[in-house]
$ cat query_17.cif   # mmCIF, C-alpha atoms and all ligand atoms
data_input
loop_
_atom_site.label_atom_id
_atom_site.label_comp_id
_atom_site.auth_asym_id
_atom_site.auth_seq_id
_atom_site.Cartn_x
_atom_site.Cartn_y
_atom_site.Cartn_z
CA MET R 1 16.51 40.46 12.59
CA LEU R 2 17.18 36.98 11.26
CA ARG R 3 14.24 34.69 11.12
CA SER R 4 14.80 30.99 10.70
CA ALA R 5 12.70 29.46 7.94
CA VAL R 6 9.88 27.34 9.34
CA VAL R 7 9.37 24.23 7.24
CA ALA R 8 5.80 23.08 7.70
CA THR R 9 5.46 19.33 8.20
CA PRO R 10 2.75 18.08 5.85
CA ALA R 11 -0.33 17.07 7.81
CA LYS R 12 -0.86 13.38 8.46
CA VAL R 13 -3.48 11.90 6.10
CA THR R 14 -6.35 10.67 8.25
CA VAL R 15 -9.69 8.99 7.63
CA PRO R 16 -11.66 12.24 8.24
CA ALA R 17 -9.24 14.15 5.98
CA LEU R 18 -9.80 11.64 3.17
CA ARG R 19 -13.57 11.73 3.59
CA ALA R 20 -13.51 15.52 3.47
CA ARG R 21 -11.99 15.39 -0.02
CA LYS R 22 -15.10 13.70 -1.46
CA GLY R 23 -16.41 15.73 -4.34
CA LYS R 24 -14.15 18.71 -3.74
CA GLY R 25 -10.68 17.23 -4.19
CA PRO R 26 -7.83 17.18 -4.53
CA LYS R 27 -8.30 13.65 -5.85
CA ILE R 28 -6.80 10.96 -3.62
CA SER R 29 -3.63 9.13 -4.73
CA VAL R 30 -3.14 5.55 -3.54
CA VAL R 31 -0.20 3.25 -4.29
CA THR R 32 0.56 -0.28 -3.16
CA ALA R 33 3.80 -0.81 -1.23
CA TYR R 34 5.22 -3.92 0.36
CA ASP R 35 8.49 -2.80 1.98
CA VAL R 36 10.08 0.12 3.78
CA THR R 37 12.22 1.35 0.88
CA PHE R 38 9.30 1.75 -1.51
CA ALA R 39 7.17 3.20 1.30
CA ARG R 40 9.79 5.91 1.90
CA LEU R 41 10.08 6.69 -1.81
CA PHE R 42 6.31 6.90 -2.35
CA GLU R 43 6.06 9.07 0.79
CA GLN R 44 8.65 11.43 -0.65
CA GLY R 45 6.56 11.49 -3.83
CA GLY R 46 3.63 12.76 -1.76
CA VAL R 47 1.22 9.84 -2.09
CA ASP R 48 -1.83 10.08 0.20
CA VAL R 49 -2.44 6.41 0.93
CA LEU R 50 -0.16 3.38 0.99
CA LEU R 51 -1.94 0.07 0.52
CA VAL R 52 -0.32 -3.20 1.49
CA GLY R 53 -2.39 -5.06 -1.07
CA ASP R 54 -2.75 -8.80 -1.22
CA SER R 55 -1.50 -8.25 -4.78
CA LEU R 56 1.79 -8.95 -2.99
CA GLY R 57 0.95 -12.62 -3.60
CA MET R 58 1.34 -11.96 -7.31
CA VAL R 59 3.96 -9.22 -7.58
CA VAL R 60 6.19 -10.14 -4.62
CA GLN R 61 5.63 -13.89 -4.25
CA GLY R 62 5.08 -14.75 -7.92
CA GLN R 63 1.78 -16.58 -7.41
CA PRO R 64 -0.96 -16.61 -10.08
CA THR R 65 -3.61 -15.09 -7.77
CA THR R 66 -3.90 -13.32 -4.40
CA LEU R 67 -5.54 -16.31 -2.71
CA ALA R 68 -2.54 -17.82 -0.94
CA VAL R 69 -1.56 -14.67 0.96
CA THR R 70 -1.82 -15.18 4.71
CA LEU R 71 -2.68 -12.85 7.55
CA ASP R 72 0.86 -13.23 8.94
CA GLU R 73 2.30 -12.17 5.58
CA ILE R 74 0.11 -9.06 5.39
CA ILE R 75 1.13 -8.17 8.95
CA TYR R 76 4.82 -8.75 8.15
CA HIS R 77 4.70 -6.44 5.11
CA GLY R 78 2.54 -3.95 7.03
CA ARG R 79 5.19 -3.63 9.72
CA ALA R 80 7.86 -2.99 7.09
CA VAL R 81 5.80 -0.37 5.25
CA ALA R 82 4.75 1.30 8.51
CA ARG R 83 8.43 1.92 9.32
CA GLY R 84 8.71 4.00 6.13
CA THR R 85 5.41 5.82 6.50
CA GLU R 86 4.86 9.16 8.19
CA ARG R 87 2.32 11.32 6.38
CA ALA R 88 0.52 8.73 4.28
CA HIS R 89 -2.50 6.80 5.54
CA LEU R 90 -1.69 3.07 5.78
CA VAL R 91 -4.25 0.47 4.71
CA GLY R 92 -3.92 -3.30 4.60
CA ASP R 93 -5.86 -5.86 2.62
CA MET R 94 -7.65 -8.47 4.69
CA PRO R 95 -6.44 -11.68 3.07
CA PHE R 96 -8.67 -14.36 1.57
CA MET R 97 -10.48 -16.36 4.28
CA SER R 98 -9.53 -13.98 7.09
CA TYR R 99 -13.06 -12.47 7.05
CA GLN R 100 -15.23 -14.63 4.78
CA THR R 101 -15.90 -17.10 7.62
CA GLY R 102 -17.70 -14.63 9.87
CA VAL R 103 -17.79 -11.37 11.76
CA VAL R 104 -15.78 -12.61 14.75
CA PRO R 105 -12.88 -13.98 12.67
CA ALA R 106 -12.96 -10.69 10.75
CA LEU R 107 -12.71 -8.70 14.01
CA GLU R 108 -9.85 -10.90 15.21
CA ALA R 109 -7.94 -10.65 11.92
CA ALA R 110 -8.43 -6.91 11.56
CA GLY R 111 -7.49 -6.44 15.22
CA ARG R 112 -4.19 -8.25 14.62
CA MET R 113 -3.55 -6.11 11.54
CA MET R 114 -3.99 -2.92 13.58
CA LYS R 115 -2.05 -4.12 16.64
CA GLU R 116 0.79 -6.02 14.97
CA GLY R 117 0.91 -4.68 11.41
CA GLY R 118 0.82 -0.96 12.13
CA PHE R 119 -2.20 -0.47 9.87
CA GLU R 120 -4.59 2.45 10.23
CA ALA R 121 -7.40 0.80 8.27
CA VAL R 122 -8.28 -2.47 6.57
CA LYS R 123 -9.76 -3.21 3.15
CA LEU R 124 -12.08 -6.09 2.33
CA GLU R 125 -13.67 -7.23 -0.93
CA GLY R 126 -17.40 -7.55 -1.50
CA GLY R 127 -20.74 -5.80 -1.00
CA GLU R 128 -23.98 -6.46 0.83
CA ILE R 129 -22.90 -9.78 2.37
CA TYR R 130 -20.17 -7.95 4.30
CA ALA R 131 -22.31 -5.06 5.54
CA GLU R 132 -22.47 -6.52 9.07
CA HIS R 133 -18.69 -7.11 9.06
CA VAL R 134 -18.10 -3.47 8.11
CA HIS R 135 -20.53 -2.22 10.75
CA ARG R 136 -18.90 -4.26 13.52
CA LEU R 137 -15.34 -3.41 12.51
CA VAL R 138 -16.13 0.30 12.33
CA ASN R 139 -17.85 0.11 15.74
CA ALA R 140 -14.65 -1.46 17.08
CA GLY R 141 -12.70 1.58 15.89
CA ILE R 142 -11.27 -0.04 12.78
CA PRO R 143 -11.77 2.04 9.64
CA VAL R 144 -12.80 -0.07 6.65
CA MET R 145 -12.21 0.56 2.96
CA GLY R 146 -14.58 -1.33 0.66
CA HIS R 147 -13.73 -2.94 -2.68
CA LEU R 148 -16.28 -3.56 -5.47
CA GLY R 149 -16.23 -4.55 -9.14
CA LEU R 150 -13.51 -7.04 -9.97
CA LEU R 151 -12.77 -8.86 -6.73
CA PRO R 152 -9.41 -10.64 -7.09
CA GLN R 153 -10.20 -12.95 -4.16
CA SER R 154 -13.21 -14.21 -6.19
CA VAL R 155 -11.18 -14.68 -9.37
CA HIS R 156 -12.27 -18.28 -9.82
CA ALA R 157 -15.95 -17.48 -9.27
CA MET R 158 -15.65 -14.59 -11.74
CA GLY R 159 -13.97 -16.80 -14.37
CA GLY R 160 -10.76 -14.76 -14.45
CA PHE R 161 -9.63 -11.16 -14.08
CA LYS R 162 -12.51 -9.68 -16.11
CA VAL R 163 -14.25 -6.31 -16.31
CA GLN R 164 -17.39 -6.34 -14.10
CA GLY R 165 -20.74 -4.56 -14.24
CA THR R 166 -21.03 -4.74 -17.99
CA ASN R 167 -24.77 -5.51 -18.10
CA ALA R 168 -27.61 -3.54 -16.51
CA ALA R 169 -28.33 -6.02 -13.71
CA ALA R 170 -24.65 -6.38 -12.72
CA ALA R 171 -24.19 -2.60 -12.85
CA ASP R 172 -27.26 -2.00 -10.67
CA LYS R 173 -25.99 -4.58 -8.17
CA ILE R 174 -22.65 -2.76 -7.88
CA VAL R 175 -24.43 0.57 -7.27
CA ALA R 176 -26.67 -1.07 -4.65
CA ASP R 177 -23.67 -2.72 -2.95
CA ALA R 178 -21.83 0.60 -2.90
CA LYS R 179 -24.74 2.31 -1.14
CA ILE R 180 -24.99 -0.52 1.40
CA LEU R 181 -21.25 -0.40 2.14
CA ALA R 182 -21.38 3.37 2.59
CA GLU R 183 -24.38 2.99 4.89
CA ALA R 184 -22.52 0.29 6.86
CA GLY R 185 -19.67 2.74 7.49
CA VAL R 186 -16.83 2.34 4.96
CA TYR R 187 -14.83 5.57 4.70
CA ALA R 188 -13.84 4.93 1.06
CA MET R 189 -14.17 2.19 -1.53
CA VAL R 190 -12.05 0.82 -4.35
CA LEU R 191 -13.84 0.32 -7.67
CA GLU R 192 -11.86 -2.15 -9.76
CA ALA R 193 -12.28 -2.86 -13.49
CA ILE R 194 -15.74 -1.47 -14.15
CA PRO R 195 -16.92 0.75 -17.02
CA ALA R 196 -16.18 4.46 -16.52
CA GLU R 197 -19.88 5.43 -16.63
CA LEU R 198 -20.71 2.90 -13.91
CA ALA R 199 -17.89 4.31 -11.77
CA ARG R 200 -19.41 7.76 -12.28
CA ARG R 201 -22.83 6.44 -11.13
CA VAL R 202 -21.32 4.89 -8.00
CA THR R 203 -19.27 8.00 -7.25
CA GLU R 204 -22.37 10.15 -7.47
CA ALA R 205 -24.44 7.70 -5.43
CA VAL R 206 -22.23 7.48 -2.33
CA SER R 207 -21.04 10.06 0.17
CA VAL R 208 -17.57 8.51 0.60
CA PRO R 209 -14.61 8.73 -1.79
CA THR R 210 -14.36 6.16 -4.58
CA ILE R 211 -10.85 5.03 -5.53
CA GLY R 212 -10.65 3.67 -9.05
CA ILE R 213 -8.39 1.15 -10.71
CA GLY R 214 -9.46 0.38 -14.24
CA ALA R 215 -12.59 2.43 -13.51
CA GLY R 216 -11.97 5.57 -15.56
CA PRO R 217 -11.59 9.23 -14.65
CA HIS R 218 -14.75 9.95 -12.63
CA CYS R 219 -13.70 8.49 -9.25
CA ASP R 220 -12.57 10.57 -6.28
CA GLY R 221 -9.12 8.96 -6.34
CA GLN R 222 -6.93 6.41 -8.05
CA VAL R 223 -4.90 3.39 -6.97
CA LEU R 224 -2.11 1.64 -8.85
CA VAL R 225 0.13 -1.24 -7.95
CA GLY R 226 3.48 0.45 -7.25
CA TYR R 227 5.43 -1.76 -9.66
CA ASP R 228 2.95 -0.96 -12.47
CA LEU R 229 3.25 2.80 -11.86
CA LEU R 230 7.04 2.46 -12.06
CA GLY R 231 7.05 0.30 -15.21
CA MET R 232 8.68 -2.71 -13.63
CA TYR R 233 6.84 -5.29 -15.75
CA SER R 234 8.03 -5.21 -19.34
CA GLU R 235 6.11 -8.24 -20.52
CA PHE R 236 2.64 -7.25 -19.29
CA LYS R 237 0.66 -3.99 -19.20
CA PRO R 238 -3.08 -3.94 -18.49
CA LYS R 239 -5.05 -1.22 -20.33
CA PHE R 240 -5.72 0.71 -17.11
CA VAL R 241 -2.04 1.03 -16.20
CA LYS R 242 -0.04 4.13 -16.99
CA ARG R 243 3.69 3.83 -16.45
CA PHE R 244 5.09 6.99 -14.92
CA ALA R 245 8.64 5.67 -15.28
CA GLU R 246 10.50 2.82 -16.94
CA ALA R 247 12.22 1.72 -13.73
CA GLY R 248 12.30 -1.88 -14.95
CA LYS R 249 14.50 -0.92 -17.90
CA LEU R 250 16.65 1.24 -15.62
CA ILE R 251 17.18 -1.68 -13.22
CA VAL R 252 18.11 -4.08 -16.03
CA GLU R 253 20.55 -1.54 -17.51
CA ALA R 254 22.12 -0.83 -14.12
CA THR R 255 22.47 -4.56 -13.44
CA ARG R 256 24.10 -5.13 -16.85
CA ALA R 257 26.57 -2.32 -16.15
CA TYR R 258 27.36 -3.82 -12.73
CA VAL R 259 27.85 -7.34 -14.11
CA SER R 260 30.08 -6.06 -16.88
CA GLU R 261 32.27 -4.00 -14.50
CA VAL R 262 32.61 -6.91 -12.09
CA GLU R 263 33.51 -9.29 -14.89
CA ARG R 264 36.17 -6.93 -16.25
CA GLY R 265 37.57 -6.11 -12.81
CA GLU R 266 36.57 -2.43 -13.10
CA PHE R 267 34.49 -2.50 -9.91
CA PRO R 268 35.42 -2.31 -7.10
CA THR R 269 38.41 0.01 -7.31
CA LEU R 270 40.57 1.10 -4.38
CA ALA R 271 38.17 4.04 -3.98
CA HIS R 272 35.62 1.55 -2.66
CA ALA R 273 38.11 -0.27 -0.40
CA PHE R 274 39.10 0.17 3.23
CA GLY R 275 42.61 1.13 4.35
CA ALA R 276 45.50 -0.97 5.59
CA PRO R 277 45.31 -2.57 9.08
CA LYS R 278 45.57 0.03 11.85
CA GLU R 279 47.47 -0.12 15.14
CA LEU R 280 46.02 -2.31 17.85
CA GLY R 281 43.27 -0.39 19.74
CA ALA R 282 42.58 2.14 16.95
CA PRO R 283 38.85 2.69 16.35
CA ALA R 284 37.37 0.56 13.59
CA GLU R 285 36.74 2.34 10.30
CA GLN R 286 33.07 3.19 9.56
CA THR R 287 31.67 1.31 6.57
CA GLY R 288 29.42 4.24 5.63
CA ALA R 289 26.34 2.08 6.03
CA LYS R 290 23.50 3.55 8.10
CA PRO R 291 24.38 2.87 11.74
CA VAL R 292 22.08 0.55 13.60
CA VAL R 293 23.59 1.48 16.95
CA PRO R 294 23.93 5.04 18.24
CA ALA R 295 27.35 6.62 17.62
CA THR R 296 27.84 6.95 21.40
CA PRO R 297 26.55 3.88 23.18
CA PRO R 298 24.65 4.73 26.37
CA GLY R 299 26.84 4.41 29.43
CA TYR R 300 26.00 2.18 32.38
CA GLY R 301 25.24 4.59 35.23
CA PRO R 302 24.63 3.68 38.84
CA ALA R 303 21.67 1.36 39.37
CA GLY R 304 18.30 3.10 39.34
CA GLU R 305 19.50 6.12 37.36
CA GLU R 306 17.89 6.87 33.98
CA PRO R 307 20.42 6.98 31.12
O1 LIG R 401 -4.23 -5.92 -3.71
C1 LIG R 401 -4.19 -4.83 -4.29
O2 LIG R 401 -3.14 -4.35 -4.69
C2 LIG R 401 -5.44 -4.12 -4.47
C3 LIG R 401 -5.43 -2.91 -5.35
C4 LIG R 401 -5.12 -3.24 -6.75
C5 LIG R 401 -6.69 -2.14 -5.22
O3 LIG R 401 -6.43 -4.49 -3.93
#

$ encode --input "query_17.cif" --output "structure tokens"
Amino acid sequence: MLRSAVVATPAKVTVPALRARKGKGPKISVVTAYDVTFARLFEQGGVDVLLVGDSLGMVVQGQPTTLAVTLDEIIYHGRAVARGTERAHLVGDMPFMSYQTGVVPALEAAGRMMKEGGFEAVKLEGGEIYAEHVHRLVNAGIPVMGHLGLLPQSVHAMGGFKVQGTNAAAADKIVADAKILAEAGVYAMVLEAIPAELARRVTEAVSVPTIGIGAGPHCDGQVLVGYDLLGMYSEFKPKFVKRFAEAGKLIVEATRAYVSEVERGEFPTLAHAFGAPKELGAPAEQTGAKPVVPATPPGYGPAGEEP
């Protein structure tokens, strides 16, 4: 008897599923994405979490910091990434000044992110002072990811993008903040640019997964900006970045090849062209682009009948 092969759909990554990986693995992989094409590619690569980071201010908009990113922009990019996301868990950064002004503005901003942006969780930067925010958001059904260590939204207060927790008092404060955030209800927390031993202390001190970036190997997961992972910045590579591809070089080479073929008249050839005009009434030739309308448009049946 013939049996058709059953291809198991990978299970959706959820908040409880991520929490359950604390301490026992597999470690959690997180990548930033800002559009549907990258979301689809990272999904195919099996990433657990897609983060629409406010790093988009720097890597998409070309700004020097994340500060100018607006709530509408995060929602816009969230919607795009959500369209390319199936299995991965989708988190969005709460932008600067969308939560710092109080619990109610934070609830309103996070609510918009969930309703309009397609997010499944939000991330906010900071410790103890946001414990009440976390508590209220979580009570409203909005999962919250914390973020400690280097806080890019506080770049001016921190005097630049600098490693944090490098003296005993600062390290103790980060551990204390981590415990308070976990107590307040975060389901995971990013640890950015802190010494590896401090990240180990935090990871051992809290019951929720820690996601490192520039925090060494002892966290429960790792996050990278998608463009860094792919090697799309040739001029700049922070110590904590590992390039898993040199896509930047590939793109430049492909563009050079394209420019050269266009200039020399080698592309396009007739193989990329459409045929001669057809008889009146003949169906239009398909371009080969992905259709945005169904091949057979729905007919108009009698009033009241479902199509
Ligand atoms: O905005 C961002 O991309 C981030 C990650 C680097 C953690 O917050």

$ closest_residue --input "query_17.cif" --among "R:Ala131, R:Ala215, R:Leu41, R:Ser154" --to "Pro95 (chain R)" --atoms "all atoms listed in the file"
R:Ser154

$ closest_atom_pairs --input "query_17.cif" --of "chain R" --to "ligand LIG 401 (chain R)" --cutoff "7 Å" --atoms "only C-alpha atoms and all ligand atoms" --output "Markdown table"
| residue | atom | partner | partner_atom | distance |
| --- | --- | --- | --- | --- |
| R:Thr32 | CA | R:LIG401 | O2 | 5.7 |
| R:Leu51 | CA | R:LIG401 | O2 | 6.9 |
| R:Val52 | CA | R:LIG401 | O2 | 6.9 |
| R:Gly53 | CA | R:LIG401 | O1 | 3.3 |
| R:Asp54 | CA | R:LIG401 | O1 | 4.1 |
| R:Ser55 | CA | R:LIG401 | O1 | 3.7 |
| R:Leu56 | CA | R:LIG401 | O1 | 6.8 |
| R:Asp93 | CA | R:LIG401 | O1 | 6.5 |
| R:Val190 | CA | R:LIG401 | C5 | 6.2 |
| R:Glu192 | CA | R:LIG401 | C5 | 6.9 |
| R:Ile213 | CA | R:LIG401 | C5 | 6.6 |
| R:Val223 | CA | R:LIG401 | C5 | 6.1 |
| R:Leu224 | CA | R:LIG401 | C4 | 6.1 |
| R:Val225 | CA | R:LIG401 | O2 | 5.6 |

$ atom_distance --input "query_17.cif" --atom1 "CA of Val59 (chain R)" --atom2 "CA of Pro195 (chain R)"
25.0 Å

$ residues_around --input "query_17.cif" --residues "Thr14 (chain R)" --least-positions-apart "6" --cutoff "9 Å" --atoms "only C-alpha atoms" --output "ChimeraX atom specification"
/R:87-89,120

$ atom_distance --input "query_17.cif" --atom1 "CA of Val259 (chain R)" --atom2 "CA of His272 (chain R)"
16.4 Å

$ atom_distance --input "query_17.cif" --atom1 "CA of Glu266 (chain R)" --atom2 "CA of Ala289 (chain R)"
22.2 Å

$ closest_residue --input "query_17.cif" --among "R:Gly141, R:Gly226, R:Gly159, R:Gly149" --to "Leu50 (chain R)" --atoms "all atoms listed in the file"
R:Gly226

$ closest_residue --input "query_17.cif" --among "R:Gly57, R:Pro64, R:Pro268, R:Gly248" --to "His156 (chain R)" --atoms "only C-alpha atoms"
R:Pro64

$ closest_residue --input "query_17.cif" --among "R:Gly212, R:Gly160, R:Gly23, R:Gly146" --to "Ala182 (chain R)" --atoms "only C-alpha atoms"
R:Gly146

$ residues_around --input "query_17.cif" --residues "Gly275 (chain R)" --least-positions-apart "6" --cutoff "12 Å" --atoms "all atoms listed in the file" --output "MDAnalysis selection string"
chainID R and resid 284:287

$ write_last_selection --input "query_17.cif" --atoms "C-alpha atoms" --output "CSV table (one decimal), in the frame of the given file"
chain,number,residue,atom,x,y,z
R,284,ALA,CA,37.4,0.6,13.6
R,285,GLU,CA,36.7,2.3,10.3
R,286,GLN,CA,33.1,3.2,9.6
R,287,THR,CA,31.7,1.3,6.6

$ closest_residue --input "query_17.cif" --among "R:Leu137, R:Ala169, R:Val30, R:Ala109" --to "Gly185 (chain R)" --atoms "only C-alpha atoms"
R:Leu137

$ closest_residue --input "query_17.cif" --among "R:Val206, R:Ala282, R:Val103, R:Val36" --to "Ala140 (chain R)" --atoms "only C-alpha atoms"
R:Val103

$ residues_near_point --input "query_17.cif" --point "(-26.0, 5.8, 0.9)" --cutoff "7 Å" --atoms "all atoms listed in the file" --output "ChimeraX atom specification"
/R:179-180,182-183,205-207

$ residues_around --input "query_17.cif" --residues "Arg136 (chain R)" --least-positions-apart "5" --cutoff "12 Å" --atoms "all atoms listed in the file" --output "PDB file with C-alpha atoms, keeping the file's coordinate frame"
ATOM      1  CA  TYR R  99     -13.060 -12.470   7.050  1.00  0.00           C
ATOM      2  CA  GLY R 102     -17.700 -14.630   9.870  1.00  0.00           C
ATOM      3  CA  VAL R 103     -17.790 -11.370  11.760  1.00  0.00           C
ATOM      4  CA  VAL R 104     -15.780 -12.610  14.750  1.00  0.00           C
ATOM      5  CA  PRO R 105     -12.880 -13.980  12.670  1.00  0.00           C
ATOM      6  CA  ALA R 106     -12.960 -10.690  10.750  1.00  0.00           C
ATOM      7  CA  LEU R 107     -12.710  -8.700  14.010  1.00  0.00           C
ATOM      8  CA  GLU R 108      -9.850 -10.900  15.210  1.00  0.00           C
ATOM      9  CA  ALA R 110      -8.430  -6.910  11.560  1.00  0.00           C
ATOM     10  CA  GLY R 111      -7.490  -6.440  15.220  1.00  0.00           C
ATOM     11  CA  TYR R 130     -20.170  -7.950   4.300  1.00  0.00           C
ATOM     12  CA  ALA R 131     -22.310  -5.060   5.540  1.00  0.00           C
ATOM     13  CA  GLY R 141     -12.700   1.580  15.890  1.00  0.00           C
ATOM     14  CA  ILE R 142     -11.270  -0.040  12.780  1.00  0.00           C
ATOM     15  CA  PRO R 143     -11.770   2.040   9.640  1.00  0.00           C
ATOM     16  CA  VAL R 144     -12.800  -0.070   6.650  1.00  0.00           C
ATOM     17  CA  ALA R 184     -22.520   0.290   6.860  1.00  0.00           C
ATOM     18  CA  GLY R 185     -19.670   2.740   7.490  1.00  0.00           C
ATOM     19  CA  VAL R 186     -16.830   2.340   4.960  1.00  0.00           C
TER      20      VAL R 186
END

$ residues_near_point --input "query_17.cif" --point "(-2.1, -17.7, 1.1)" --cutoff "8 Å" --atoms "all atoms listed in the file" --output "PyMOL selection string"
chain R and resi 57+66-70+95-96

$ residues_around --input "query_17.cif" --residues "Phe161 (chain R)" --least-positions-apart "4" --cutoff "9 Å" --atoms "all atoms listed in the file" --output "list of chain:residue names"
R:Leu150, R:Leu151, R:Pro152, R:Val155, R:His156, R:Ala193

$ build_atoms --input "query_17.cif" --residues "region 236-253 of chain R" --atoms "N, CA and C atoms" --output "PDB file, in the frame of the given file"
ATOM      1  N   PHE R 236       4.061  -7.233 -19.582  1.00  0.00           N
ATOM      2  CA  PHE R 236       2.640  -7.250 -19.290  1.00  0.00           C
ATOM      3  C   PHE R 236       2.168  -5.858 -18.881  1.00  0.00           C
ATOM      4  N   LYS R 237       1.166  -5.317 -19.576  1.00  0.00           N
ATOM      5  CA  LYS R 237       0.660  -3.990 -19.200  1.00  0.00           C
ATOM      6  C   LYS R 237      -0.844  -3.921 -19.417  1.00  0.00           C
ATOM      7  N   PRO R 238      -1.630  -4.047 -18.332  1.00  0.00           N
ATOM      8  CA  PRO R 238      -3.080  -3.940 -18.490  1.00  0.00           C
ATOM      9  C   PRO R 238      -3.457  -2.548 -19.026  1.00  0.00           C
ATOM     10  N   LYS R 239      -4.622  -2.478 -19.699  1.00  0.00           N
ATOM     11  CA  LYS R 239      -5.050  -1.220 -20.330  1.00  0.00           C
ATOM     12  C   LYS R 239      -5.124  -0.062 -19.324  1.00  0.00           C
ATOM     13  N   PHE R 240      -5.500  -0.366 -18.079  1.00  0.00           N
ATOM     14  CA  PHE R 240      -5.720   0.710 -17.110  1.00  0.00           C
ATOM     15  C   PHE R 240      -4.433   1.250 -16.490  1.00  0.00           C
ATOM     16  N   VAL R 241      -3.307   0.596 -16.812  1.00  0.00           N
ATOM     17  CA  VAL R 241      -2.040   1.030 -16.200  1.00  0.00           C
ATOM     18  C   VAL R 241      -1.381   2.121 -17.029  1.00  0.00           C
ATOM     19  N   LYS R 242      -0.927   3.161 -16.351  1.00  0.00           N
ATOM     20  CA  LYS R 242      -0.040   4.130 -16.990  1.00  0.00           C
ATOM     21  C   LYS R 242       1.305   4.047 -16.271  1.00  0.00           C
ATOM     22  N   ARG R 243       2.349   3.851 -17.056  1.00  0.00           N
ATOM     23  CA  ARG R 243       3.690   3.830 -16.450  1.00  0.00           C
ATOM     24  C   ARG R 243       4.209   5.257 -16.349  1.00  0.00           C
ATOM     25  N   PHE R 244       4.559   5.645 -15.131  1.00  0.00           N
ATOM     26  CA  PHE R 244       5.090   6.990 -14.920  1.00  0.00           C
ATOM     27  C   PHE R 244       6.612   6.982 -14.952  1.00  0.00           C
ATOM     28  N   ALA R 245       7.185   5.812 -15.138  1.00  0.00           N
ATOM     29  CA  ALA R 245       8.640   5.670 -15.280  1.00  0.00           C
ATOM     30  C   ALA R 245       8.884   4.320 -15.939  1.00  0.00           C
ATOM     31  N   GLU R 246      10.103   4.138 -16.402  1.00  0.00           N
ATOM     32  CA  GLU R 246      10.500   2.820 -16.940  1.00  0.00           C
ATOM     33  C   GLU R 246      11.588   2.278 -16.014  1.00  0.00           C
ATOM     34  N   ALA R 247      11.232   2.155 -14.729  1.00  0.00           N
ATOM     35  CA  ALA R 247      12.220   1.720 -13.730  1.00  0.00           C
ATOM     36  C   ALA R 247      12.728   0.319 -14.022  1.00  0.00           C
ATOM     37  N   GLY R 248      11.877  -0.515 -14.618  1.00  0.00           N
ATOM     38  CA  GLY R 248      12.300  -1.880 -14.950  1.00  0.00           C
ATOM     39  C   GLY R 248      13.500  -1.848 -15.881  1.00  0.00           C
ATOM     40  N   LYS R 249      13.382  -1.026 -16.935  1.00  0.00           N
ATOM     41  CA  LYS R 249      14.500  -0.920 -17.900  1.00  0.00           C
ATOM     42  C   LYS R 249      15.743  -0.389 -17.203  1.00  0.00           C
ATOM     43  N   LEU R 250      15.533   0.617 -16.349  1.00  0.00           N
ATOM     44  CA  LEU R 250      16.650   1.240 -15.620  1.00  0.00           C
ATOM     45  C   LEU R 250      17.379   0.193 -14.761  1.00  0.00           C
ATOM     46  N   ILE R 251      16.598  -0.662 -14.107  1.00  0.00           N
ATOM     47  CA  ILE R 251      17.180  -1.680 -13.220  1.00  0.00           C
ATOM     48  C   ILE R 251      17.976  -2.701 -14.039  1.00  0.00           C
ATOM     49  N   VAL R 252      17.413  -3.106 -15.182  1.00  0.00           N
ATOM     50  CA  VAL R 252      18.110  -4.080 -16.030  1.00  0.00           C
ATOM     51  C   VAL R 252      19.421  -3.460 -16.543  1.00  0.00           C
ATOM     52  N   GLU R 253      19.339  -2.199 -17.001  1.00  0.00           N
ATOM     53  CA  GLU R 253      20.550  -1.540 -17.510  1.00  0.00           C
ATOM     54  C   GLU R 253      21.606  -1.402 -16.413  1.00  0.00           C
TER      55      GLU R 253
END
